[in-house]
>>> print(open('work12.cif').read())   # mmCIF, C-alpha atoms
data_my_file
#
loop_
_atom_site.group_PDB
_atom_site.id
_atom_site.type_symbol
_atom_site.label_atom_id
_atom_site.label_comp_id
_atom_site.auth_asym_id
_atom_site.auth_seq_id
_atom_site.Cartn_x
_atom_site.Cartn_y
_atom_site.Cartn_z
ATOM 1 C CA MET I 185 16.181 8.106 -30.018
ATOM 2 C CA ILE I 186 15.554 4.925 -28.021
ATOM 3 C CA THR I 187 14.631 5.433 -24.364
ATOM 4 C CA SER I 188 16.240 3.649 -21.408
ATOM 5 C CA GLU I 189 13.034 1.673 -20.885
ATOM 6 C CA GLN I 190 12.975 0.592 -24.531
ATOM 7 C CA ALA I 191 16.647 -0.407 -24.347
ATOM 8 C CA LEU I 192 16.040 -2.564 -21.258
ATOM 9 C CA THR I 193 12.954 -4.153 -22.813
ATOM 10 C CA LYS I 194 14.884 -4.872 -26.019
ATOM 11 C CA ILE I 195 17.557 -6.879 -24.198
ATOM 12 C CA GLY I 196 14.861 -8.930 -22.469
ATOM 13 C CA LEU I 197 14.661 -7.428 -18.975
ATOM 14 C CA PHE I 198 11.311 -8.348 -17.441
ATOM 15 C CA ARG I 199 8.947 -5.487 -16.491
ATOM 16 C CA ALA I 200 11.351 -2.665 -17.242
ATOM 17 C CA ASN I 201 8.556 -0.139 -16.606
ATOM 18 C CA ASP I 202 7.684 -1.391 -13.079
ATOM 19 C CA GLU I 203 9.334 0.609 -10.293
ATOM 20 C CA ARG I 204 9.299 -2.310 -7.834
ATOM 21 C CA TYR I 205 11.155 -4.508 -10.304
ATOM 22 C CA LEU I 206 13.564 -1.721 -11.200
ATOM 23 C CA LYS I 207 14.397 -1.155 -7.522
ATOM 24 C CA PHE I 208 15.011 -4.879 -7.154
ATOM 25 C CA TYR I 209 17.297 -4.971 -10.219
ATOM 26 C CA TRP I 210 19.228 -1.955 -9.003
ATOM 27 C CA GLY I 211 19.669 -3.469 -5.542
ATOM 28 C CA TYR I 212 20.854 -6.734 -7.113
ATOM 29 C CA LEU I 213 23.387 -4.892 -9.257
ATOM 30 C CA GLY I 214 24.605 -2.901 -6.257
ATOM 31 C CA LYS I 215 25.310 -6.111 -4.331
ATOM 32 C CA ASN I 216 27.011 -7.920 -7.223
ATOM 33 C CA PHE I 217 28.883 -5.233 -9.173
ATOM 34 C CA ASP I 218 31.657 -2.779 -8.395
ATOM 35 C CA ARG I 219 31.628 0.871 -9.419
ATOM 36 C CA ILE I 220 27.852 1.279 -9.269
ATOM 37 C CA MET I 221 26.947 4.986 -9.416
ATOM 38 C CA GLY I 222 25.125 5.651 -6.148
ATOM 39 C CA LEU I 223 22.359 3.292 -5.077
ATOM 40 C CA ASP I 224 19.895 6.085 -4.217
ATOM 41 C CA CYS I 225 17.543 6.899 -7.082
ATOM 42 C CA GLN I 226 14.781 9.491 -7.169
ATOM 43 C CA ASP I 227 12.301 7.896 -9.539
ATOM 44 C CA LYS I 228 11.580 5.238 -12.148
ATOM 45 C CA ARG I 229 13.240 7.132 -14.988
ATOM 46 C CA GLU I 230 16.503 7.492 -13.066
ATOM 47 C CA LEU I 231 16.460 3.782 -12.221
ATOM 48 C CA GLN I 232 15.954 2.882 -15.867
ATOM 49 C CA HIS I 233 18.790 5.187 -16.931
ATOM 50 C CA LYS I 234 21.293 3.869 -14.384
ATOM 51 C CA ILE I 235 20.453 0.214 -15.052
ATOM 52 C CA SER I 236 20.792 0.726 -18.809
ATOM 53 C CA MET I 237 24.221 2.311 -18.278
ATOM 54 C CA VAL I 238 25.392 -0.848 -16.463
ATOM 55 C CA PHE I 239 24.472 -2.870 -19.542
ATOM 56 C CA MET I 240 26.647 -0.596 -21.687
ATOM 57 C CA ARG I 241 29.813 -2.028 -20.155
ATOM 58 C CA THR I 242 31.871 -3.664 -22.898
ATOM 59 C CA ASP I 243 33.039 -6.648 -20.824
ATOM 60 C CA LEU I 244 29.532 -7.650 -19.747
ATOM 61 C CA ASP I 245 27.696 -10.903 -20.514
ATOM 62 C CA VAL I 246 24.399 -9.144 -21.216
ATOM 63 C CA ILE I 247 22.294 -12.249 -21.859
ATOM 64 C CA GLY I 248 23.623 -14.005 -18.768
ATOM 65 C CA LEU I 249 23.017 -10.985 -16.516
ATOM 66 C CA VAL I 250 19.501 -10.440 -17.875
ATOM 67 C CA ASN I 251 18.667 -14.086 -17.171
ATOM 68 C CA ARG I 252 20.016 -13.826 -13.610
ATOM 69 C CA LEU I 253 18.066 -10.617 -12.940
ATOM 70 C CA ASN I 254 14.815 -12.004 -14.356
ATOM 71 C CA THR I 255 15.172 -15.274 -12.456
ATOM 72 C CA ALA I 256 15.989 -13.522 -9.173
ATOM 73 C CA ALA I 257 13.042 -11.129 -9.542
ATOM 74 C CA LEU I 258 10.522 -13.856 -10.388
ATOM 75 C CA ASP I 259 11.797 -15.977 -7.486
ATOM 76 C CA SER I 260 11.720 -13.149 -4.946
ATOM 77 C CA LEU I 261 9.013 -10.586 -5.712
ATOM 78 C CA VAL I 262 5.386 -11.128 -4.787
ATOM 79 C CA PRO I 263 2.702 -9.903 -7.221
ATOM 80 C CA GLU I 264 1.350 -6.388 -6.810
ATOM 81 C CA LYS I 265 -2.081 -7.844 -6.061
ATOM 82 C CA SER I 266 -0.675 -9.335 -2.843
ATOM 83 C CA PHE I 267 -0.727 -5.811 -1.410
ATOM 84 C CA ASP I 268 -4.301 -5.034 -2.506
ATOM 85 C CA TRP I 269 -5.757 -5.751 0.948
ATOM 86 C CA ILE I 270 -3.683 -2.856 2.329
ATOM 87 C CA ASP I 271 -5.987 -0.028 1.261
ATOM 88 C CA LYS I 272 -3.735 2.824 0.120
ATOM 89 C CA ASN I 273 -6.388 5.331 1.217
ATOM 90 C CA ASP I 274 -6.775 3.905 4.730
ATOM 91 C CA ASP I 275 -4.304 5.449 7.184
ATOM 92 C CA ARG I 276 -5.055 2.908 9.882
ATOM 93 C CA VAL I 277 -4.227 -0.284 7.976
ATOM 94 C CA VAL I 278 -1.144 1.246 6.307
ATOM 95 C CA TYR I 279 0.328 2.461 9.591
ATOM 96 C CA PHE I 280 -0.593 -0.813 11.328
ATOM 97 C CA VAL I 281 1.240 -2.965 8.774
ATOM 98 C CA TRP I 282 4.218 -0.594 8.755
ATOM 99 C CA SER I 283 4.335 -0.659 12.570
ATOM 100 C CA MET I 284 4.377 -4.461 12.665
ATOM 101 C CA LEU I 285 7.137 -4.660 10.056
ATOM 102 C CA ARG I 286 9.196 -2.006 11.859
ATOM 103 C CA LEU I 287 9.156 -4.281 14.918
ATOM 104 C CA ALA I 288 10.003 -7.443 12.959
ATOM 105 C CA THR I 289 12.878 -9.457 14.393
ATOM 106 C CA PRO I 290 14.943 -12.021 12.409
ATOM 107 C CA ARG I 291 16.174 -15.362 13.648
ATOM 108 C CA ALA I 292 17.714 -18.511 12.139
ATOM 109 C CA LEU I 293 14.800 -20.374 10.563
ATOM 110 C CA LYS I 294 16.501 -21.780 7.467
ATOM 111 C CA ILE I 295 13.599 -20.618 5.342
ATOM 112 C CA ASP I 296 14.122 -21.742 1.735
ATOM 113 C CA GLY I 297 17.502 -23.178 2.759
ATOM 114 C CA ARG I 298 18.840 -19.720 3.517
ATOM 115 C CA GLU I 299 20.453 -18.566 6.717
ATOM 116 C CA SER I 300 17.937 -16.072 8.009
ATOM 117 C CA GLY I 301 14.216 -15.751 8.174
ATOM 118 C CA LEU I 302 11.786 -13.526 9.983
ATOM 119 C CA ARG I 303 9.495 -13.785 12.960
ATOM 120 C CA TYR I 304 7.637 -11.536 15.332
ATOM 121 C CA ALA I 305 8.993 -11.854 18.841
ATOM 122 C CA ARG I 306 6.202 -12.885 21.167
ATOM 123 C CA ARG I 307 6.990 -10.129 23.648
ATOM 124 C CA LEU I 308 6.677 -6.499 22.648
ATOM 125 C CA ASP I 309 9.465 -5.666 25.121
ATOM 126 C CA ASP I 310 11.864 -7.859 23.126
ATOM 127 C CA CYS I 311 11.010 -6.102 19.873
ATOM 128 C CA LEU I 312 11.484 -2.676 21.419
ATOM 129 C CA TYR I 313 14.778 -3.705 23.021
ATOM 130 C CA TYR I 314 16.268 -4.548 19.615
ATOM 131 C CA ILE I 315 14.547 -1.758 17.671
ATOM 132 C CA ASP I 316 17.809 0.024 16.759
ATOM 133 C CA SER I 317 19.951 -3.064 16.257
ATOM 134 C CA LYS I 318 20.939 -3.797 12.661
ATOM 135 C CA ARG I 319 21.622 -7.402 13.642
ATOM 136 C CA SER I 320 18.368 -8.004 15.468
ATOM 137 C CA ASN I 321 15.857 -5.704 13.766
ATOM 138 C CA TYR I 322 15.193 -6.562 10.159
ATOM 139 C CA TYR I 323 13.760 -3.203 9.154
ATOM 140 C CA LYS I 324 16.872 -1.499 10.522
ATOM 141 C CA SER I 325 19.174 -3.918 8.693
ATOM 142 C CA LEU I 326 17.447 -3.096 5.385
ATOM 143 C CA LYS I 327 18.203 0.625 5.962
ATOM 144 C CA LEU I 328 14.662 1.697 5.172
ATOM 145 C CA ASN I 329 13.278 5.107 6.098
ATOM 146 C CA PRO I 330 12.333 4.946 9.830
ATOM 147 C CA LEU I 331 10.149 8.068 9.773
ATOM 148 C CA PRO I 332 7.298 7.912 7.241
ATOM 149 C CA MET I 333 5.181 11.004 7.891
ATOM 150 C CA HIS I 334 2.234 10.008 5.694
ATOM 151 C CA ARG I 335 0.649 6.822 4.405
ATOM 152 C CA SER I 336 1.976 7.751 0.940
ATOM 153 C CA GLU I 337 5.479 7.258 2.386
ATOM 154 C CA ALA I 338 4.641 4.256 4.559
ATOM 155 C CA LEU I 339 3.032 2.100 1.846
ATOM 156 C CA PRO I 340 6.067 2.108 -0.504
ATOM 157 C CA LEU I 341 8.241 1.228 2.519
ATOM 158 C CA ILE I 342 6.028 -1.802 3.171
ATOM 159 C CA LYS I 343 6.623 -2.921 -0.411
ATOM 160 C CA ASP I 344 10.352 -2.183 -0.155
ATOM 161 C CA PHE I 345 10.529 -4.358 2.953
ATOM 162 C CA PHE I 346 8.991 -7.307 1.144
ATOM 163 C CA ASP I 347 11.040 -6.763 -1.988
ATOM 164 C CA GLN I 348 14.377 -6.548 -0.172
ATOM 165 C CA TRP I 349 13.825 -9.428 2.258
ATOM 166 C CA ASN I 350 16.143 -12.157 0.964
ATOM 167 C CA VAL I 351 13.802 -15.160 0.782
ATOM 168 C CA THR I 352 11.529 -16.585 -1.899
ATOM 169 C CA ALA I 353 8.174 -15.174 -2.919
ATOM 170 C CA ARG I 354 6.465 -18.122 -1.218
ATOM 171 C CA SER I 355 7.872 -17.197 2.185
ATOM 172 C CA LYS I 356 6.884 -13.588 1.622
ATOM 173 C CA GLU I 357 3.334 -14.672 0.893
ATOM 174 C CA GLU I 358 3.367 -16.540 4.219
ATOM 175 C CA LEU I 359 4.455 -13.361 5.990
ATOM 176 C CA MET I 360 1.754 -11.429 4.136
ATOM 177 C CA LEU I 361 -0.837 -13.919 5.392
ATOM 178 C CA THR I 362 0.414 -13.470 8.968
ATOM 179 C CA LEU I 363 0.055 -9.708 8.707
ATOM 180 C CA LYS I 364 -3.416 -10.052 7.207
ATOM 181 C CA GLU I 365 -4.458 -12.317 10.084
ATOM 182 C CA LYS I 366 -3.141 -9.792 12.618
ATOM 183 C CA TRP I 367 -5.037 -6.986 10.882
ATOM 184 C CA LEU I 368 -8.279 -8.985 10.866
ATOM 185 C CA TYR I 369 -7.720 -9.745 14.557
ATOM 186 C CA ILE I 370 -7.467 -6.079 15.573
ATOM 187 C CA ALA I 371 -9.930 -4.612 13.065
ATOM 188 C CA SER I 372 -12.589 -7.334 12.947
ATOM 189 C CA ASP I 373 -12.305 -9.440 16.119
ATOM 190 C CA LEU I 374 -11.259 -6.903 18.780
ATOM 191 C CA ARG I 375 -12.635 -3.739 17.146
ATOM 192 C CA PRO I 376 -11.460 -1.229 19.788
ATOM 193 C CA ASP I 377 -13.817 1.739 20.066
ATOM 194 C CA TYR I 378 -11.966 4.766 18.702
ATOM 195 C CA SER I 379 -15.152 6.454 17.526
ATOM 196 C CA TRP I 380 -15.101 9.100 20.280
ATOM 197 C CA ILE I 381 -11.656 10.378 19.184
ATOM 198 C CA ASP I 382 -12.074 13.157 16.619
ATOM 199 C CA PRO I 383 -9.306 13.014 13.952
ATOM 200 C CA LYS I 384 -9.572 16.808 13.533
ATOM 201 C CA ASN I 385 -9.564 17.780 17.220
ATOM 202 C CA LYS I 386 -6.066 19.067 17.966
ATOM 203 C CA GLN I 387 -6.567 19.352 21.719
ATOM 204 C CA GLN I 388 -8.101 15.911 22.072
ATOM 205 C CA ASN I 389 -5.401 14.167 20.050
ATOM 206 C CA ALA I 390 -2.612 15.909 21.957
ATOM 207 C CA TRP I 391 -4.311 14.833 25.190
ATOM 208 C CA ALA I 392 -4.646 11.256 23.865
ATOM 209 C CA SER I 393 -0.905 11.146 23.107
ATOM 210 C CA ASN I 394 -0.118 12.274 26.655
ATOM 211 C CA TYR I 395 -2.569 9.741 28.102
ATOM 212 C CA ILE I 396 -1.015 6.876 26.128
ATOM 213 C CA SER I 397 2.470 7.967 27.225
ATOM 214 C CA SER I 398 1.619 8.337 30.913
ATOM 215 C CA GLN I 399 -1.025 5.650 31.444
ATOM 216 C CA LEU I 400 -0.269 2.998 28.810
ATOM 217 C CA GLU I 401 2.915 2.793 26.730
ATOM 218 C CA TRP I 402 4.233 5.056 24.007
ATOM 219 C CA LEU I 403 6.002 3.001 21.340
ATOM 220 C CA PRO I 404 9.239 4.722 20.256
ATOM 221 C CA HIS I 405 9.387 3.199 16.774
ATOM 222 C CA LEU I 406 6.432 5.277 15.578
ATOM 223 C CA PRO I 407 7.333 8.555 13.800
ATOM 224 C CA PRO I 408 6.763 11.785 15.761
ATOM 225 C CA PRO I 409 3.625 13.507 14.429
ATOM 226 C CA LEU I 410 3.678 17.111 13.201
ATOM 227 C CA THR I 411 0.003 17.710 12.416
ATOM 228 C CA THR I 412 -3.309 16.862 14.087
ATOM 229 C CA SER I 413 -4.140 14.175 11.514
ATOM 230 C CA GLN I 414 -0.689 12.611 11.970
ATOM 231 C CA THR I 415 -1.129 12.683 15.744
ATOM 232 C CA TYR I 416 -4.441 10.862 15.396
ATOM 233 C CA ASN I 417 -2.973 8.209 13.066
ATOM 234 C CA ILE I 418 0.027 7.585 15.316
ATOM 235 C CA ASN I 419 -2.194 7.361 18.400
ATOM 236 C CA ILE I 420 -4.351 4.714 16.704
ATOM 237 C CA ALA I 421 -1.298 2.832 15.396
ATOM 238 C CA ASN I 422 0.162 2.848 18.913
ATOM 239 C CA LEU I 423 -3.039 1.427 20.433
ATOM 240 C CA ASP I 424 -3.520 -1.131 17.635
ATOM 241 C CA THR I 425 0.052 -2.372 18.075
ATOM 242 C CA LEU I 426 -0.273 -2.635 21.858
ATOM 243 C CA PHE I 427 -3.545 -4.541 21.637
ATOM 244 C CA THR I 428 -2.229 -6.878 18.935
ATOM 245 C CA PHE I 429 0.962 -7.856 20.741
ATOM 246 C CA ASN I 430 -0.792 -8.203 24.098
ATOM 247 C CA LYS I 431 -3.739 -10.175 22.692
ATOM 248 C CA GLY I 432 -6.292 -7.479 23.362
ATOM 249 C CA GLN I 433 -4.985 -6.501 26.792
ATOM 250 C CA VAL I 434 -2.805 -3.842 28.408
ATOM 251 C CA ARG I 435 -1.235 -3.951 31.840
ATOM 252 C CA ASN I 436 -3.251 -1.932 34.363
ATOM 253 C CA PRO I 437 -1.512 1.429 34.919
ATOM 254 C CA SER I 438 -3.187 1.826 38.325
ATOM 255 C CA GLU I 439 -1.513 0.450 41.433
ATOM 256 C CA ARG I 440 -3.312 -2.119 43.570
ATOM 257 C CA ASP I 441 -5.291 -0.455 46.369
ATOM 258 C CA ASP I 442 -6.469 -2.909 49.030
ATOM 259 C CA LYS I 443 -8.740 -0.237 50.538
ATOM 260 C CA LYS I 444 -10.928 -0.222 47.441
ATOM 261 C CA LYS I 445 -13.730 -2.755 47.379
ATOM 262 C CA THR I 446 -13.594 -3.199 43.609
ATOM 263 C CA GLU I 447 -11.631 -6.164 42.291
ATOM 264 C CA TYR I 448 -8.144 -5.249 41.058
ATOM 265 C CA LYS I 449 -7.225 -6.417 37.555
ATOM 266 C CA GLU I 450 -3.550 -6.695 36.636
ATOM 267 C CA TRP I 451 -4.477 -6.700 32.954
ATOM 268 C CA LEU I 452 -7.229 -4.640 31.349
ATOM 269 C CA SER I 453 -9.084 -5.660 28.215
ATOM 270 C CA HIS I 454 -9.061 -3.366 25.201
ATOM 271 C CA THR I 455 -12.681 -2.509 26.077
ATOM 272 C CA ASP I 456 -11.707 -1.502 29.617
ATOM 273 C CA VAL I 457 -8.737 0.507 28.361
ATOM 274 C CA MET I 458 -10.781 2.520 25.885
ATOM 275 C CA HIS I 459 -13.598 3.023 28.398
ATOM 276 C CA LYS I 460 -11.183 4.378 31.023
ATOM 277 C CA MET I 461 -9.543 6.591 28.417
ATOM 278 C CA MET I 462 -12.873 7.991 27.210
ATOM 279 C CA LYS I 463 -13.992 8.546 30.809
ATOM 280 C CA ALA I 464 -10.769 10.450 31.595
ATOM 281 C CA TRP I 465 -11.318 12.671 28.540
ATOM 282 C CA LYS I 466 -14.889 13.461 29.560
ATOM 283 C CA GLN I 467 -13.735 14.259 33.109
ATOM 284 C CA LYS I 468 -11.146 16.640 31.690
ATOM 285 C CA GLN I 469 -13.810 18.382 29.624
ATOM 286 C CA PHE I 470 -16.127 18.603 32.653
ATOM 287 C CA ARG I 471 -13.405 20.146 34.833
ATOM 288 C CA GLU I 472 -12.491 22.703 32.170
ATOM 289 C CA LYS I 473 -16.152 23.624 31.715
ATOM 290 C CA ALA I 474 -16.532 24.034 35.474
ATOM 291 C CA ARG I 475 -13.429 26.250 35.652
ATOM 292 C CA ARG I 476 -14.712 28.477 32.858
ATOM 293 C CA ALA I 477 -18.077 28.799 34.570
ATOM 294 C CA SER I 478 -16.375 29.626 37.875
ATOM 295 C CA ALA I 479 -14.187 32.261 36.207
ATOM 296 C CA LYS I 480 -17.235 34.020 34.759
ATOM 297 C CA SER I 481 -19.083 34.190 38.072
#
>>> encode(input="work12.cif", output="structure tokens")
Amino acid sequence: MITSEQALTKIGLFRANDERYLKFYWGYLGKNFDRIMGLDCQDKRELQHKISMVFMRTDLDVIGLVNRLNTAALDSLVPEKSFDWIDKNDDRVVYFVWSMLRLATPRALKIDGRESGLRYARRLDDCLYYIDSKRSNYYKSLKLNPLPMHRSEALPLIKDFFDQWNVTARSKEELMLTLKEKWLYIASDLRPDYSWIDPKNKQQNAWASNYISSQLEWLPHLPPPLTTSQTYNINIANLDTLFTFNKGQVRNPSERDDKKKTEYKEWLSHTDVMHKMMKAWKQKQFREKARRASAKS
């Protein structure tokens, strides 16, 4: 018996065994056909089965539809190798790219002659203001999962974002280059010192979350962590996003004190921020050690 994949390949559908292409085909059919049986699919096999059932309709111009699907896919989808720089085993880069896309804001750019394009708002406040707006936040308008709890969930969402964005592959490659430049900026140029934060230290990572919330800024678009490793990854993603949007700086959480002789800085560099944070953690440890020693005496 012929399989759904074999049936799709036989009629000329391009890459009928590639889940990214199958998702694209299924989304295209959902937008252009009535009576589509539920757009949510669990896996590649289900996608193949449902797409093949569409082609079983007796009133369908099979050749014409296959040509439209193949043309649309080739015009819109970027090659898989375009994502190779996003290391699937590196939590930091995956969460960073996902975070930046979650904040993406559309505007009229007339990219490829179409009505809408994509940009990053220059101000983080603007991105956060529109974070839940389907009209102003592109990730929200695409109805993608807002709560990836692991990089294995976040990476496919990054690909789904690119695949569902309604512009040509060329414009998507331009966006990919922008993201790559932002990643190189934070990871290679700024290189914030996170080395003193232990990914496995539950107490330290919980403290770091509280410090970011109270002294810096907790970004609400990031998924709430459930484990220590998730807490660490979200903390780093939060800091990376802040530093990237603010060009390596964060507004000083301390109020100006004219009685102090030290010069007041309205903005702190990423180096100053991480130094103050590390110093606060060491002070906390010192106080707890002193309390324990006092309790024993």
>>> resolve_selection(input="work12.cif", expression="the PyMOL selection byres ((chain I and resi 255-270) around 9)", output="PyMOL selection string")
chain I and resi 198+204-205+208-209+212+250-254+271-274+277-278+281+339+343+346-354+356-357+360+364
>>> resolve_selection(input="work12.cif", expression="the PyMOL selection byres ((chain I and resi 206) around 12)", output="ChimeraX atom specification")
/I:188-189,192-193,197-205,207-213,223,225-236,253-254,257,261,344,347
>>> closest_residue(input="work12.cif", among="I:Leu374, I:Leu363, I:Met333, I:Leu423", to="Pro409 (chain I)", atoms="only C-alpha atoms")
I:Met333
>>> resolve_selection(input="work12.cif", expression="the PyMOL selection byres ((chain I and resi 432) around 10)", output="MDAnalysis selection string")
chainID I and resid 369:370 373:376 423:431 433:434 451:455 457
>>> write_last_selection(input="work12.cif", atoms="C-alpha atoms", output="PDB file, in the frame of the given file")
ATOM      1  CA  TYR I 369      -7.720  -9.745  14.557  1.00  0.00           C
ATOM      2  CA  ILE I 370      -7.467  -6.079  15.573  1.00  0.00           C
ATOM      3  CA  ASP I 373     -12.305  -9.440  16.119  1.00  0.00           C
ATOM      4  CA  LEU I 374     -11.259  -6.903  18.780  1.00  0.00           C
ATOM      5  CA  ARG I 375     -12.635  -3.739  17.146  1.00  0.00           C
ATOM      6  CA  PRO I 376     -11.460  -1.229  19.788  1.00  0.00           C
ATOM      7  CA  LEU I 423      -3.039   1.427  20.433  1.00  0.00           C
ATOM      8  CA  ASP I 424      -3.520  -1.131  17.635  1.00  0.00           C
ATOM      9  CA  THR I 425       0.052  -2.372  18.075  1.00  0.00           C
ATOM     10  CA  LEU I 426      -0.273  -2.635  21.858  1.00  0.00           C
ATOM     11  CA  PHE I 427      -3.545  -4.541  21.637  1.00  0.00           C
ATOM     12  CA  THR I 428      -2.229  -6.878  18.935  1.00  0.00           C
ATOM     13  CA  PHE I 429       0.962  -7.856  20.741  1.00  0.00           C
ATOM     14  CA  ASN I 430      -0.792  -8.203  24.098  1.00  0.00           C
ATOM     15  CA  LYS I 431      -3.739 -10.175  22.692  1.00  0.00           C
ATOM     16  CA  GLN I 433      -4.985  -6.501  26.792  1.00  0.00           C
ATOM     17  CA  VAL I 434      -2.805  -3.842  28.408  1.00  0.00           C
ATOM     18  CA  TRP I 451      -4.477  -6.700  32.954  1.00  0.00           C
ATOM     19  CA  LEU I 452      -7.229  -4.640  31.349  1.00  0.00           C
ATOM     20  CA  SER I 453      -9.084  -5.660  28.215  1.00  0.00           C
ATOM     21  CA  HIS I 454      -9.061  -3.366  25.201  1.00  0.00           C
ATOM     22  CA  THR I 455     -12.681  -2.509  26.077  1.00  0.00           C
ATOM     23  CA  VAL I 457      -8.737   0.507  28.361  1.00  0.00           C
TER      24      VAL I 457
END
>>> closest_residue(input="work12.cif", among="I:Asp377, I:Asp309, I:Asp218, I:Glu337", to="Trp282 (chain I)", atoms="all atoms listed in the file")
I:Glu337
>>> closest_residue(input="work12.cif", among="I:Ile381, I:Ser393, I:Phe470, I:Thr289", to="Lys318 (chain I)", atoms="only C-alpha atoms")
I:Thr289
>>> atom_distance(input="work12.cif", atom1="CA of Phe345 (chain I)", atom2="CA of Pro383 (chain I)")
28.6 Å
>>> decode(input="work12.cif", residues="region 321-327 of chain I", atoms="all heavy atoms", output="compact mmCIF listing (two decimals), in the first residue's frame")
# COMPACT_ATOMS: atom_id res chain seq x y z
N ASN I 321 2.46 43.10 17.57
CA ASN I 321 3.53 42.14 17.88
C ASN I 321 3.42 40.97 16.91
O ASN I 321 2.42 40.26 16.89
CB ASN I 321 3.41 41.64 19.32
CG ASN I 321 4.51 40.67 19.67
OD1 ASN I 321 4.37 39.47 19.47
ND2 ASN I 321 5.61 41.18 20.20
N TYR I 322 4.47 40.79 16.11
CA TYR I 322 4.37 39.81 15.04
C TYR I 322 4.28 38.38 15.55
O TYR I 322 3.53 37.56 15.01
CB TYR I 322 5.56 39.96 14.08
CG TYR I 322 5.16 39.66 12.66
CD1 TYR I 322 4.69 40.66 11.84
CD2 TYR I 322 5.23 38.37 12.16
CE1 TYR I 322 4.29 40.39 10.55
CE2 TYR I 322 4.84 38.09 10.87
CZ TYR I 322 4.36 39.10 10.07
OH TYR I 322 3.97 38.81 8.79
N TYR I 323 5.02 38.08 16.59
CA TYR I 323 4.99 36.73 17.15
C TYR I 323 3.57 36.40 17.62
O TYR I 323 3.06 35.31 17.38
CB TYR I 323 5.96 36.64 18.32
CG TYR I 323 6.24 35.24 18.81
CD1 TYR I 323 7.38 34.56 18.41
CD2 TYR I 323 5.39 34.61 19.72
CE1 TYR I 323 7.65 33.28 18.88
CE2 TYR I 323 5.66 33.35 20.18
CZ TYR I 323 6.78 32.68 19.76
OH TYR I 323 7.03 31.41 20.22
N LYS I 324 2.94 37.36 18.26
CA LYS I 324 1.56 37.18 18.75
C LYS I 324 0.60 36.98 17.59
O LYS I 324 -0.29 36.13 17.64
CB LYS I 324 1.15 38.40 19.56
CG LYS I 324 -0.20 38.29 20.27
CD LYS I 324 -0.09 37.46 21.50
CE LYS I 324 -1.40 37.49 22.30
NZ LYS I 324 -1.28 36.71 23.55
N SER I 325 0.79 37.73 16.51
CA SER I 325 -0.12 37.63 15.36
C SER I 325 0.01 36.28 14.67
O SER I 325 -0.95 35.80 14.06
CB SER I 325 0.17 38.75 14.36
OG SER I 325 1.41 38.55 13.71
N LEU I 326 1.19 35.64 14.78
CA LEU I 326 1.37 34.32 14.16
C LEU I 326 0.82 33.19 15.02
O LEU I 326 0.84 32.03 14.61
CB LEU I 326 2.86 34.09 13.89
CG LEU I 326 3.50 34.99 12.83
CD1 LEU I 326 5.00 34.74 12.74
CD2 LEU I 326 2.85 34.78 11.47
N LYS I 327 0.39 33.52 16.24
CA LYS I 327 -0.22 32.55 17.17
C LYS I 327 0.73 31.40 17.51
O LYS I 327 0.33 30.25 17.59
CB LYS I 327 -1.53 32.01 16.58
CG LYS I 327 -2.58 33.07 16.32
CD LYS I 327 -3.85 32.49 15.71
CE LYS I 327 -4.88 33.58 15.44
NZ LYS I 327 -6.11 33.03 14.82
